[in-house]
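This is coords-v5.cif. It holds mmCIF, C-alpha atoms.
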data_structure
loop_
_atom_site.label_atom_id
_atom_site.label_comp_id
_atom_site.auth_asym_id
_atom_site.auth_seq_id
_atom_site.Cartn_x
_atom_site.Cartn_y
_atom_site.Cartn_z
CA MET A 1 6.26 63.58 -27.74
CA SER A 2 8.70 60.71 -28.27
CA ASP A 3 10.80 59.62 -25.36
CA THR A 4 14.40 60.28 -26.41
CA SER A 5 15.91 60.10 -22.95
CA PRO A 6 15.94 56.51 -21.75
CA PRO A 7 18.29 57.20 -18.83
CA ARG A 8 15.64 59.39 -17.24
CA ARG A 9 12.88 56.88 -17.85
CA ARG A 10 11.39 56.17 -14.46
CA PRO A 11 11.84 52.73 -12.92
CA GLY A 12 8.93 50.40 -13.56
CA GLY A 13 8.48 51.64 -17.12
CA ARG A 14 8.77 48.17 -18.58
CA THR A 15 6.50 46.71 -15.94
CA ALA A 16 3.90 49.34 -16.76
CA ARG A 17 4.18 48.65 -20.51
CA VAL A 18 3.79 44.90 -20.00
CA GLY A 19 0.79 45.55 -17.75
CA ALA A 20 -0.84 47.80 -20.35
CA ALA A 21 -0.23 45.30 -23.20
CA VAL A 22 -1.63 42.42 -21.15
CA HIS A 23 -4.73 44.37 -20.10
CA GLU A 24 -5.35 45.44 -23.69
CA ALA A 25 -5.01 41.81 -24.82
CA VAL A 26 -7.51 40.65 -22.20
CA ARG A 27 -10.06 43.30 -23.17
CA THR A 28 -9.74 42.40 -26.87
CA LEU A 29 -10.04 38.67 -26.16
CA LEU A 30 -13.07 39.22 -23.93
CA GLU A 31 -14.74 41.08 -26.76
CA GLU A 32 -13.80 38.56 -29.45
CA ARG A 33 -14.28 35.27 -27.65
CA GLY A 34 -16.04 35.81 -24.35
CA ARG A 35 -14.75 34.86 -20.96
CA ASP A 36 -14.35 31.14 -21.43
CA GLY A 37 -12.83 31.47 -24.90
CA PHE A 38 -9.17 32.03 -24.09
CA THR A 39 -6.30 30.91 -21.89
CA GLY A 40 -3.28 32.56 -20.33
CA ARG A 41 -1.27 31.46 -23.34
CA ASP A 42 -3.64 33.30 -25.70
CA VAL A 43 -3.24 36.45 -23.63
CA ALA A 44 0.55 36.10 -23.70
CA GLU A 45 0.62 35.64 -27.47
CA ARG A 46 -1.71 38.56 -28.08
CA ALA A 47 0.24 40.84 -25.74
CA GLY A 48 3.61 39.70 -27.09
CA VAL A 49 4.92 38.70 -23.69
CA ASN A 50 6.13 35.47 -22.17
CA GLU A 51 3.40 33.27 -20.70
CA ALA A 52 5.51 32.75 -17.57
CA THR A 53 5.54 36.53 -17.03
CA ILE A 54 1.76 36.47 -16.77
CA TYR A 55 1.64 33.68 -14.22
CA ARG A 56 4.52 35.18 -12.21
CA ARG A 57 2.74 38.53 -11.99
CA TRP A 58 -0.91 37.54 -11.70
CA GLY A 59 -0.83 33.95 -10.43
CA THR A 60 -4.00 32.82 -12.19
CA LEU A 61 -6.07 33.94 -15.17
CA ASP A 62 -8.92 34.71 -12.74
CA ASN A 63 -6.67 37.11 -10.84
CA LEU A 64 -5.68 38.78 -14.10
CA LEU A 65 -9.35 39.13 -15.08
CA LEU A 66 -10.10 40.68 -11.69
CA ASP A 67 -7.18 43.07 -12.22
CA VAL A 68 -8.65 44.14 -15.58
CA ALA A 69 -12.11 44.55 -14.02
CA VAL A 70 -10.60 46.75 -11.29
CA ALA A 71 -8.73 48.86 -13.87
CA VAL A 72 -11.89 49.35 -15.97
CA ALA A 73 -13.84 50.29 -12.84
CA ARG A 74 -11.12 52.83 -11.85
CA LEU A 75 -11.09 54.31 -15.34
CA ASN A 76 -14.86 54.72 -15.21
CA GLN A 77 -14.51 56.34 -11.80
CA GLU A 78 -12.04 58.89 -13.16
CA GLN A 79 -14.63 60.44 -15.43
CA PRO A 80 -15.91 63.71 -13.98
CA LEU A 81 -19.12 63.22 -12.02
CA PRO A 82 -22.30 64.68 -13.49
CA ASP A 83 -22.82 68.09 -11.88
CA THR A 84 -25.85 69.63 -13.55
CA GLY A 85 -27.14 71.55 -10.54
CA SER A 86 -30.05 69.11 -10.07
CA LEU A 87 -29.88 65.70 -8.42
CA ARG A 88 -32.48 64.33 -10.79
CA HIS A 89 -30.36 65.21 -13.82
CA ASP A 90 -27.15 64.10 -12.13
CA LEU A 91 -28.68 60.68 -11.37
CA ARG A 92 -30.08 60.40 -14.87
CA ARG A 93 -26.67 60.99 -16.48
CA TRP A 94 -24.98 58.71 -14.00
CA ALA A 95 -27.54 55.96 -14.74
CA GLU A 96 -27.05 56.34 -18.49
CA ARG A 97 -23.30 56.02 -18.05
CA MET A 98 -23.75 52.95 -15.85
CA ASN A 99 -26.02 51.35 -18.45
CA ALA A 100 -23.39 51.94 -21.14
CA GLU A 101 -20.70 50.41 -18.93
CA LEU A 102 -22.83 47.37 -18.10
CA ALA A 103 -23.58 46.80 -21.79
CA ALA A 104 -19.87 46.79 -22.75
CA PRO A 105 -18.16 43.40 -23.22
CA GLU A 106 -16.26 43.71 -19.94
CA GLY A 107 -19.21 45.41 -18.24
CA LEU A 108 -20.17 42.52 -16.01
CA SER A 109 -16.55 41.57 -15.21
CA LEU A 110 -16.87 43.19 -11.85
CA VAL A 111 -20.04 41.25 -11.03
CA TYR A 112 -18.35 38.06 -12.14
CA ALA A 113 -15.28 38.82 -10.05
CA ALA A 114 -17.44 39.80 -7.07
CA VAL A 115 -19.42 36.58 -7.20
CA ALA A 116 -16.29 34.47 -7.65
CA ALA A 117 -14.54 36.26 -4.78
CA ARG A 118 -17.61 35.85 -2.58
CA ALA A 119 -17.84 32.14 -3.35
CA ASP A 120 -14.16 31.83 -2.48
CA ALA A 121 -14.10 34.36 0.36
CA ALA A 122 -12.72 31.90 2.86
CA ALA A 123 -10.01 30.79 0.44
CA ASP A 124 -9.11 34.25 -0.83
CA ALA A 125 -9.92 37.08 1.57
CA ASP A 126 -7.60 39.45 -0.30
CA ARG A 127 -9.60 39.13 -3.51
CA ALA A 128 -12.89 39.66 -1.66
CA GLN A 129 -11.39 42.76 -0.02
CA ARG A 130 -10.47 44.28 -3.39
CA ILE A 131 -14.06 43.94 -4.58
CA THR A 132 -15.31 45.53 -1.35
CA ASP A 133 -12.87 48.41 -1.94
CA ILE A 134 -14.13 49.05 -5.48
CA ALA A 135 -17.74 48.92 -4.35
CA ALA A 136 -16.90 51.38 -1.55
CA ALA A 137 -15.16 53.72 -4.02
CA ARG A 138 -18.24 53.72 -6.25
CA ALA A 139 -20.48 54.38 -3.27
CA GLU A 140 -18.22 57.31 -2.34
CA LEU A 141 -18.86 58.87 -5.78
CA ILE A 142 -22.60 58.59 -5.33
CA GLU A 143 -22.21 60.18 -1.90
CA GLN A 144 -20.51 63.16 -3.54
CA MET A 145 -23.53 63.75 -5.78
CA LEU A 146 -25.83 63.40 -2.78
CA ASP A 147 -23.74 65.79 -0.66
CA ARG A 148 -23.95 68.46 -3.35
CA ALA A 149 -27.72 68.02 -3.57
CA ARG A 150 -28.03 68.24 0.22
CA ALA A 151 -25.91 71.42 0.20
CA ARG A 152 -28.29 72.90 -2.39
CA GLY A 153 -31.18 72.13 -0.06
CA GLU A 154 -32.71 69.50 -2.38
CA HIS A 155 -34.68 66.59 -0.97
CA THR A 156 -31.95 63.92 -0.98
CA PRO A 157 -32.31 60.16 -0.51
CA ASP A 158 -29.62 58.31 1.43
CA LEU A 159 -26.98 56.12 -0.21
CA SER A 160 -28.62 52.78 0.50
CA ARG A 161 -31.81 53.98 -1.17
CA VAL A 162 -29.87 54.97 -4.31
CA LEU A 163 -28.17 51.56 -4.33
CA ASP A 164 -31.46 49.68 -3.80
CA ARG A 165 -33.67 51.72 -6.10
CA LEU A 166 -31.37 52.89 -8.90
CA VAL A 167 -28.20 50.81 -9.07
CA ALA A 168 -29.81 47.46 -8.24
CA PRO A 169 -32.42 47.35 -11.04
CA LEU A 170 -29.84 48.43 -13.62
CA TYR A 171 -27.54 45.63 -12.54
CA LEU A 172 -30.27 42.98 -12.37
CA ARG A 173 -31.47 43.89 -15.86
CA ALA A 174 -27.90 43.69 -17.17
CA ILE A 175 -27.35 40.30 -15.52
CA PHE A 176 -30.60 38.58 -16.47
CA GLY A 177 -31.48 40.74 -19.46
CA TYR A 178 -35.14 41.19 -18.54
CA GLY A 179 -35.83 44.63 -19.89
CA GLN A 180 -34.42 47.71 -21.53
CA PRO A 181 -33.54 49.92 -18.57
CA GLU A 182 -33.52 53.10 -20.63
CA HIS A 183 -37.27 52.74 -21.23
CA ASP A 184 -38.02 52.81 -17.54
CA LEU A 185 -35.23 55.08 -16.38
CA ASP A 186 -37.57 57.95 -15.54
CA ASP A 187 -39.75 55.72 -13.39
CA ILE A 188 -36.69 54.27 -11.68
CA ILE A 189 -35.36 57.75 -10.90
CA ASP A 190 -38.79 59.00 -9.75
CA ASN A 191 -38.85 56.10 -7.33
CA THR A 192 -35.32 56.85 -6.12
CA LEU A 193 -36.26 60.47 -5.42
CA ALA A 194 -39.74 59.82 -3.97
CA GLU A 195 -40.28 61.65 -0.67
CA MET B 1 -37.67 0.34 0.73
CA SER B 2 -34.74 -1.54 -0.83
CA ASP B 3 -34.90 -2.23 -4.53
CA THR B 4 -34.90 -6.01 -4.86
CA SER B 5 -36.14 -6.18 -8.42
CA PRO B 6 -33.39 -5.02 -10.79
CA PRO B 7 -35.14 -6.35 -13.92
CA ARG B 8 -37.93 -3.82 -13.41
CA ARG B 9 -35.53 -0.96 -12.71
CA ARG B 10 -36.39 1.68 -15.25
CA PRO B 11 -33.88 2.52 -17.96
CA GLY B 12 -31.66 5.52 -17.15
CA GLY B 13 -31.39 4.48 -13.50
CA ARG B 14 -27.60 4.42 -13.61
CA THR B 15 -27.44 7.71 -15.48
CA ALA B 16 -29.66 9.30 -12.86
CA ARG B 17 -27.56 7.89 -10.01
CA VAL B 18 -24.32 9.16 -11.56
CA GLY B 19 -25.94 12.56 -12.08
CA ALA B 20 -27.09 12.74 -8.46
CA ALA B 21 -23.67 11.68 -7.12
CA VAL B 22 -21.87 14.22 -9.31
CA HIS B 23 -24.24 17.04 -8.33
CA GLU B 24 -23.86 16.17 -4.65
CA ALA B 25 -20.06 16.18 -5.05
CA VAL B 26 -20.13 19.62 -6.71
CA ARG B 27 -22.32 21.10 -3.97
CA THR B 28 -20.05 19.72 -1.25
CA LEU B 29 -16.90 20.96 -2.99
CA LEU B 30 -18.43 24.42 -3.53
CA GLU B 31 -19.13 24.61 0.18
CA GLU B 32 -15.72 23.32 1.25
CA ARG B 33 -13.41 25.03 -1.21
CA GLY B 34 -15.26 27.68 -3.15
CA ARG B 35 -15.63 27.84 -6.88
CA ASP B 36 -11.99 28.02 -7.89
CA GLY B 37 -10.90 25.38 -5.43
CA PHE B 38 -11.56 22.18 -7.36
CA THR B 39 -11.23 20.50 -10.74
CA GLY B 40 -13.21 17.95 -12.70
CA ARG B 41 -10.92 15.27 -11.29
CA ASP B 42 -11.81 16.28 -7.72
CA VAL B 43 -15.49 16.01 -8.58
CA ALA B 44 -14.96 12.57 -10.12
CA GLU B 45 -13.06 11.30 -7.07
CA ARG B 46 -15.63 12.66 -4.65
CA ALA B 47 -18.53 11.23 -6.65
CA GLY B 48 -16.78 7.90 -7.20
CA VAL B 49 -17.13 8.06 -10.98
CA ASN B 50 -14.69 8.09 -13.84
CA GLU B 51 -13.38 11.55 -14.77
CA ALA B 52 -14.03 10.80 -18.45
CA THR B 53 -17.71 10.21 -17.64
CA ILE B 54 -17.94 13.78 -16.39
CA TYR B 55 -16.37 15.31 -19.47
CA ARG B 56 -18.38 13.08 -21.80
CA ARG B 57 -21.64 14.12 -20.16
CA TRP B 58 -21.03 17.79 -19.32
CA GLY B 59 -18.21 18.85 -21.63
CA THR B 60 -16.63 21.37 -19.27
CA LEU B 61 -16.59 22.02 -15.54
CA ASP B 62 -18.38 25.33 -16.23
CA ASN B 63 -21.22 23.45 -17.92
CA LEU B 64 -21.45 21.08 -14.97
CA LEU B 65 -21.57 24.05 -12.57
CA LEU B 66 -24.35 25.60 -14.64
CA ASP B 67 -26.20 22.28 -14.53
CA VAL B 68 -25.97 22.25 -10.72
CA ALA B 69 -27.12 25.89 -10.56
CA VAL B 70 -30.11 25.02 -12.73
CA ALA B 71 -30.96 22.00 -10.56
CA VAL B 72 -30.75 24.07 -7.36
CA ALA B 73 -32.93 26.76 -8.92
CA ARG B 74 -35.51 24.12 -9.97
CA LEU B 75 -35.50 22.60 -6.50
CA ASN B 76 -36.12 26.03 -4.99
CA GLN B 77 -38.93 26.54 -7.47
CA GLU B 78 -40.61 23.32 -6.43
CA GLN B 79 -41.28 24.61 -2.93
CA PRO B 80 -44.91 25.63 -2.57
CA LEU B 81 -45.38 29.34 -3.17
CA PRO B 82 -46.34 31.47 -0.16
CA ASP B 83 -50.13 31.83 -0.19
CA THR B 84 -51.06 33.75 2.95
CA GLY B 85 -54.05 35.60 1.51
CA SER B 86 -52.15 38.89 1.43
CA LEU B 87 -49.65 39.97 -1.22
CA ARG B 88 -47.60 41.82 1.39
CA HIS B 89 -47.13 38.67 3.43
CA ASP B 90 -46.58 36.52 0.34
CA LEU B 91 -43.83 38.85 -0.87
CA ARG B 92 -42.29 39.02 2.59
CA ARG B 93 -42.02 35.22 2.84
CA TRP B 94 -40.80 34.95 -0.72
CA ALA B 95 -38.12 37.59 -0.03
CA GLU B 96 -36.98 35.80 3.13
CA ARG B 97 -36.67 32.57 1.18
CA MET B 98 -34.72 34.34 -1.59
CA ASN B 99 -32.34 35.84 0.99
CA ALA B 100 -31.72 32.40 2.48
CA GLU B 101 -31.03 30.98 -0.99
CA LEU B 102 -28.67 33.81 -1.91
CA ALA B 103 -26.74 33.36 1.35
CA ALA B 104 -26.19 29.63 0.73
CA PRO B 105 -22.79 28.53 -0.69
CA GLU B 106 -24.25 27.87 -4.12
CA GLY B 107 -26.62 30.84 -3.86
CA LEU B 108 -24.88 33.03 -6.37
CA SER B 109 -24.12 30.17 -8.79
CA LEU B 110 -26.94 31.31 -11.00
CA VAL B 111 -25.65 34.88 -11.12
CA TYR B 112 -22.18 33.56 -11.91
CA ALA B 113 -23.54 31.30 -14.64
CA ALA B 114 -25.71 34.12 -16.03
CA VAL B 115 -22.81 36.53 -16.23
CA ALA B 116 -20.54 33.91 -17.77
CA ALA B 117 -23.20 32.93 -20.31
CA ARG B 118 -23.85 36.58 -21.14
CA ALA B 119 -20.13 37.25 -21.65
CA ASP B 120 -20.03 34.22 -23.94
CA ALA B 121 -23.45 34.64 -25.51
CA ALA B 122 -22.06 34.73 -29.03
CA ALA B 123 -19.97 31.64 -28.39
CA ASP B 124 -22.61 29.69 -26.52
CA ALA B 125 -26.18 30.69 -27.28
CA ASP B 126 -27.50 27.46 -25.78
CA ARG B 127 -26.09 28.25 -22.36
CA ALA B 128 -27.45 31.80 -22.49
CA GLN B 129 -30.86 30.38 -23.40
CA ARG B 130 -30.90 28.08 -20.38
CA ILE B 131 -30.30 31.06 -18.09
CA THR B 132 -33.10 32.98 -19.79
CA ASP B 133 -35.38 29.97 -19.28
CA ILE B 134 -34.65 29.80 -15.55
CA ALA B 135 -35.16 33.53 -15.13
CA ALA B 136 -38.47 33.22 -17.00
CA ALA B 137 -39.57 30.32 -14.80
CA ARG B 138 -38.87 32.40 -11.67
CA ALA B 139 -40.74 35.34 -13.12
CA GLU B 140 -43.68 33.00 -13.79
CA LEU B 141 -43.82 32.09 -10.09
CA ILE B 142 -43.92 35.75 -9.11
CA GLU B 143 -46.71 36.25 -11.65
CA GLN B 144 -48.72 33.52 -9.91
CA MET B 145 -48.55 35.43 -6.62
CA LEU B 146 -49.51 38.63 -8.40
CA ASP B 147 -52.41 36.96 -10.22
CA ARG B 148 -53.83 35.71 -6.94
CA ALA B 149 -53.56 39.18 -5.42
CA ARG B 150 -55.25 40.72 -8.45
CA ALA B 151 -58.06 38.13 -8.19
CA ARG B 152 -58.53 39.14 -4.53
CA GLY B 153 -58.90 42.74 -5.67
CA GLU B 154 -55.66 43.89 -3.99
CA HIS B 155 -53.63 46.74 -5.42
CA THR B 156 -51.01 44.76 -7.37
CA PRO B 157 -47.76 45.99 -8.92
CA ASP B 158 -46.66 44.55 -12.25
CA LEU B 159 -43.87 42.01 -12.62
CA SER B 160 -41.16 44.40 -13.71
CA ARG B 161 -41.79 46.53 -10.64
CA VAL B 162 -41.39 43.49 -8.37
CA LEU B 163 -38.15 42.59 -10.16
CA ASP B 164 -36.80 46.16 -9.97
CA ARG B 165 -37.90 47.00 -6.46
CA LEU B 166 -37.78 43.72 -4.57
CA VAL B 167 -35.63 41.15 -6.36
CA ALA B 168 -32.93 43.58 -7.59
CA PRO B 169 -31.89 45.05 -4.21
CA LEU B 170 -31.75 41.60 -2.62
CA TYR B 171 -29.47 40.40 -5.41
CA LEU B 172 -27.24 43.47 -5.39
CA ARG B 173 -26.79 43.21 -1.64
CA ALA B 174 -25.90 39.53 -1.95
CA ILE B 175 -23.40 40.26 -4.75
CA PHE B 176 -21.62 43.27 -3.26
CA GLY B 177 -22.47 42.63 0.38
CA TYR B 178 -23.45 46.21 1.17
CA GLY B 179 -26.14 45.69 3.77
CA GLN B 180 -28.25 43.24 5.65
CA PRO B 181 -31.37 42.98 3.53
CA GLU B 182 -33.50 41.65 6.38
CA HIS B 183 -33.17 44.97 8.23
CA ASP B 184 -34.70 46.90 5.39
CA LEU B 185 -37.07 44.29 4.10
CA ASP B 186 -40.17 46.14 5.26
CA ASP B 187 -39.07 49.32 3.50
CA ILE B 188 -38.24 47.39 0.36
CA ILE B 189 -41.66 45.75 0.36
CA ASP B 190 -43.45 49.03 1.13
CA ASN B 191 -41.72 50.50 -1.91
CA THR B 192 -42.70 47.50 -4.05
CA LEU B 193 -46.34 47.90 -3.05
CA ALA B 194 -46.50 51.72 -3.16
CA GLU B 195 -49.50 52.98 -5.18
#
Give the structure from the file, written as structure tokens.
Amino acid sequence: MSDTSPPRRRPGGRTARVGAAVHEAVRTLLEERGRDGFTGRDVAERAGVNEATIYRRWGTLDNLLLDVAVAVARLNQEQPLPDTGSLRHDLRRWAERMNAELAAPEGLSLVYAAVAARADAAADADRAQRITDIAAARAELIEQMLDRARARGEHTPDLSRVLDRLVAPLYLRAIFGYGQPEHDLDDIIDNTLAE
Amino acid sequence: MSDTSPPRRRPGGRTARVGAAVHEAVRTLLEERGRDGFTGRDVAERAGVNEATIYRRWGTLDNLLLDVAVAVARLNQEQPLPDTGSLRHDLRRWAERMNAELAAPEGLSLVYAAVAARADAAADADRAQRITDIAAARAELIEQMLDRARARGEHTPDLSRVLDRLVAPLYLRAIFGYGQPEHDLDDIIDNTLAE
């Protein structure tokens, strides 16, 4: 459907289009060159916007990268949760999805942003808070799966156990690359569900 | 003991002194201002060396930060391993030490460097390799503790289980700040040692 009625276009339309073009440019550049391989000017050129627009809106390239990481995390969170009727199968599908996300070029952006924000927490409390909010939103999704399992009367571990026993090894493997998580996924899930 | 015999000073003495001053400056600046809070020029001023020296030797500030992370990791690795006669107590002491390291200002430098190197692996294979080497050296230390336990006839988990069940949750908690690992350390170690 083409938009033939510009007068009714909602305010912020241009802002949203610039935002989308800039995010798309960042994701492409991350994939092509890695995180240290481009500057704000490269993003501006790729997105077809003025470099000053980027710095006015995001302040620094690090803030823009955090913004992209947050958007990717939100997008991932909008996918429907696994709901197979069994916690074991829900966790398995969730873990496979998390592995795919972590393997993507921007997959560790959130870890990078979290570590940077933590290192700078005193200097930039707002940035640290945004990371905490994303982590809390992810935890909330896991809680939904656990609540359903509890309602079905399944033996259900608590959230911190799922974070420690399932999420943590997948992240550590993605960060340091010490193993193929899919090979051990059944063991990892057995351990998460152990009574 | 003051050095009164410059002719016998070994070659590389100045290089080593510059390196030590620059590393010390980076660690201080990390603590004072966080990772995004300083430039190569700030490091040079703090260390009392020429800025060009820094860029000639390390190339980029990111490379210098990686170098500091590697040095800190090596220093931590030079501490004698816990050797209490019981794997449970060895792992407990090792975990407490790891928590203290992760809580220090430069504690997550290695994670940051690992994620950056992984994002840029195509562009900078050498940097990615250095991270892999450090991770392998740490794994080797854990193996030493496990070998001793095996020799004592204790039930001994394999390395990947220790990484998944002990190291991973401590890292994830340090990165996303979702819990005080010391409260759950006994549970985490029980799970690592479960038969």
What's the separation between atom CA of A:Val22 and atom CA of A:Arg46, in Å to one decimal place?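 Computed distance, atom CA of A:Val22 to atom CA of A:Arg46, equals 7.9 Å.
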Between A:Ala114, A:Met145, A:Val43, A:Leu193, which one has atoms that come closest to chain B, using only C-alpha atoms?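 Ranking A:Ala114, A:Met145, A:Val43, A:Leu193 by distance to chain B, first place goes to A:Ala114.
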Edge lengths and centre in Å to one decimal, as AutoDock Vina command-line options, of the axis-aligned box that encloses all listed atoms of stretch 62-72 of chain A with 4 Å added on every side?
--center_x -8.9 --center_y 42.0 --center_z -13.4 --size_x 14.4 --size_y 22.6 --size_z 13.1
Determine the residue membership of the PyMOL selection byres ((chain B and resi 88) around 12) for the file above and supply it as JSON, numbers by chain. {"B": [82, 83, 84, 85, 86, 87, 89, 90, 91, 92, 93, 94, 95, 145, 146, 149, 154, 155, 156, 157, 162, 166, 185, 186, 187, 188, 189, 190, 191, 192, 193, 194]}
Ranking A:Asp42, A:Met98, A:Gly179, A:Leu66 by minimum distance to A:Tyr112 and counting all atoms listed in the file, which one comes first? A:Leu66
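Picked by the PyMOL selection byres ((chain A and resi 110) around 8) from the coordinates shown: Leu66, Ala69, Val70, Ala73, Gly107, Leu108, Ser109, Val111, Tyr112, Ala113, Ala114 and Ile131 of chain A.
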Next, write the just-selected residues to a file, as a compact mmCIF listing (two decimals), in the coordinates of the input, keeping C-alpha atoms as the atom set.
# COMPACT_ATOMS: atom_id res chain seq x y z
CA LEU A 66 -10.10 40.68 -11.69
CA ALA A 69 -12.11 44.55 -14.02
CA VAL A 70 -10.60 46.75 -11.29
CA ALA A 73 -13.84 50.29 -12.84
CA GLY A 107 -19.21 45.41 -18.24
CA LEU A 108 -20.17 42.52 -16.01
CA SER A 109 -16.55 41.57 -15.21
CA VAL A 111 -20.04 41.25 -11.03
CA TYR A 112 -18.35 38.06 -12.14
CA ALA A 113 -15.28 38.82 -10.05
CA ALA A 114 -17.44 39.80 -7.07
CA ILE A 131 -14.06 43.94 -4.58
Under the PyMOL selection byres ((chain A and resi 23-26) around 10), which residues of this model are included? Write them out as an MDAnalysis selection string. chainID A and resid 17:22 27:32 35 38:40 42:48 61 64:65 67:69 71:72 106
Rounded to one decimal in Å, what is the spacing between atom CA of B:Asn76 and atom CA of B:Arg138? 9.6 Å
Which of these residues is nearest to chain B, using all atoms listed in the file: A:Arg152, A:Arg97, A:Arg74, A:Arg130?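 Comparing A:Arg152, A:Arg97, A:Arg74, A:Arg130 against chain B, the winner is A:Arg130.
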Atom CA of B:Ala168 and atom CA of A:Pro169 are how many Å apart?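 Taking atom CA of B:Ala168 and atom CA of A:Pro169, their separation equals 5.1 Å.
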Of the residues A:Leu141, A:Ala135, A:Ile54, A:Leu159, which is the one nearest to chain B, using all atoms listed in the file?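 The shortest atom-to-atom distance to chain B comes from A:Ala135.
Restricting the calculation to all atoms listed in the file, the smallest distance between A:Glu143 and any of A:Asp158, A:Gly177, A:Thr60, A:Arg41 is found for A:Asp158.
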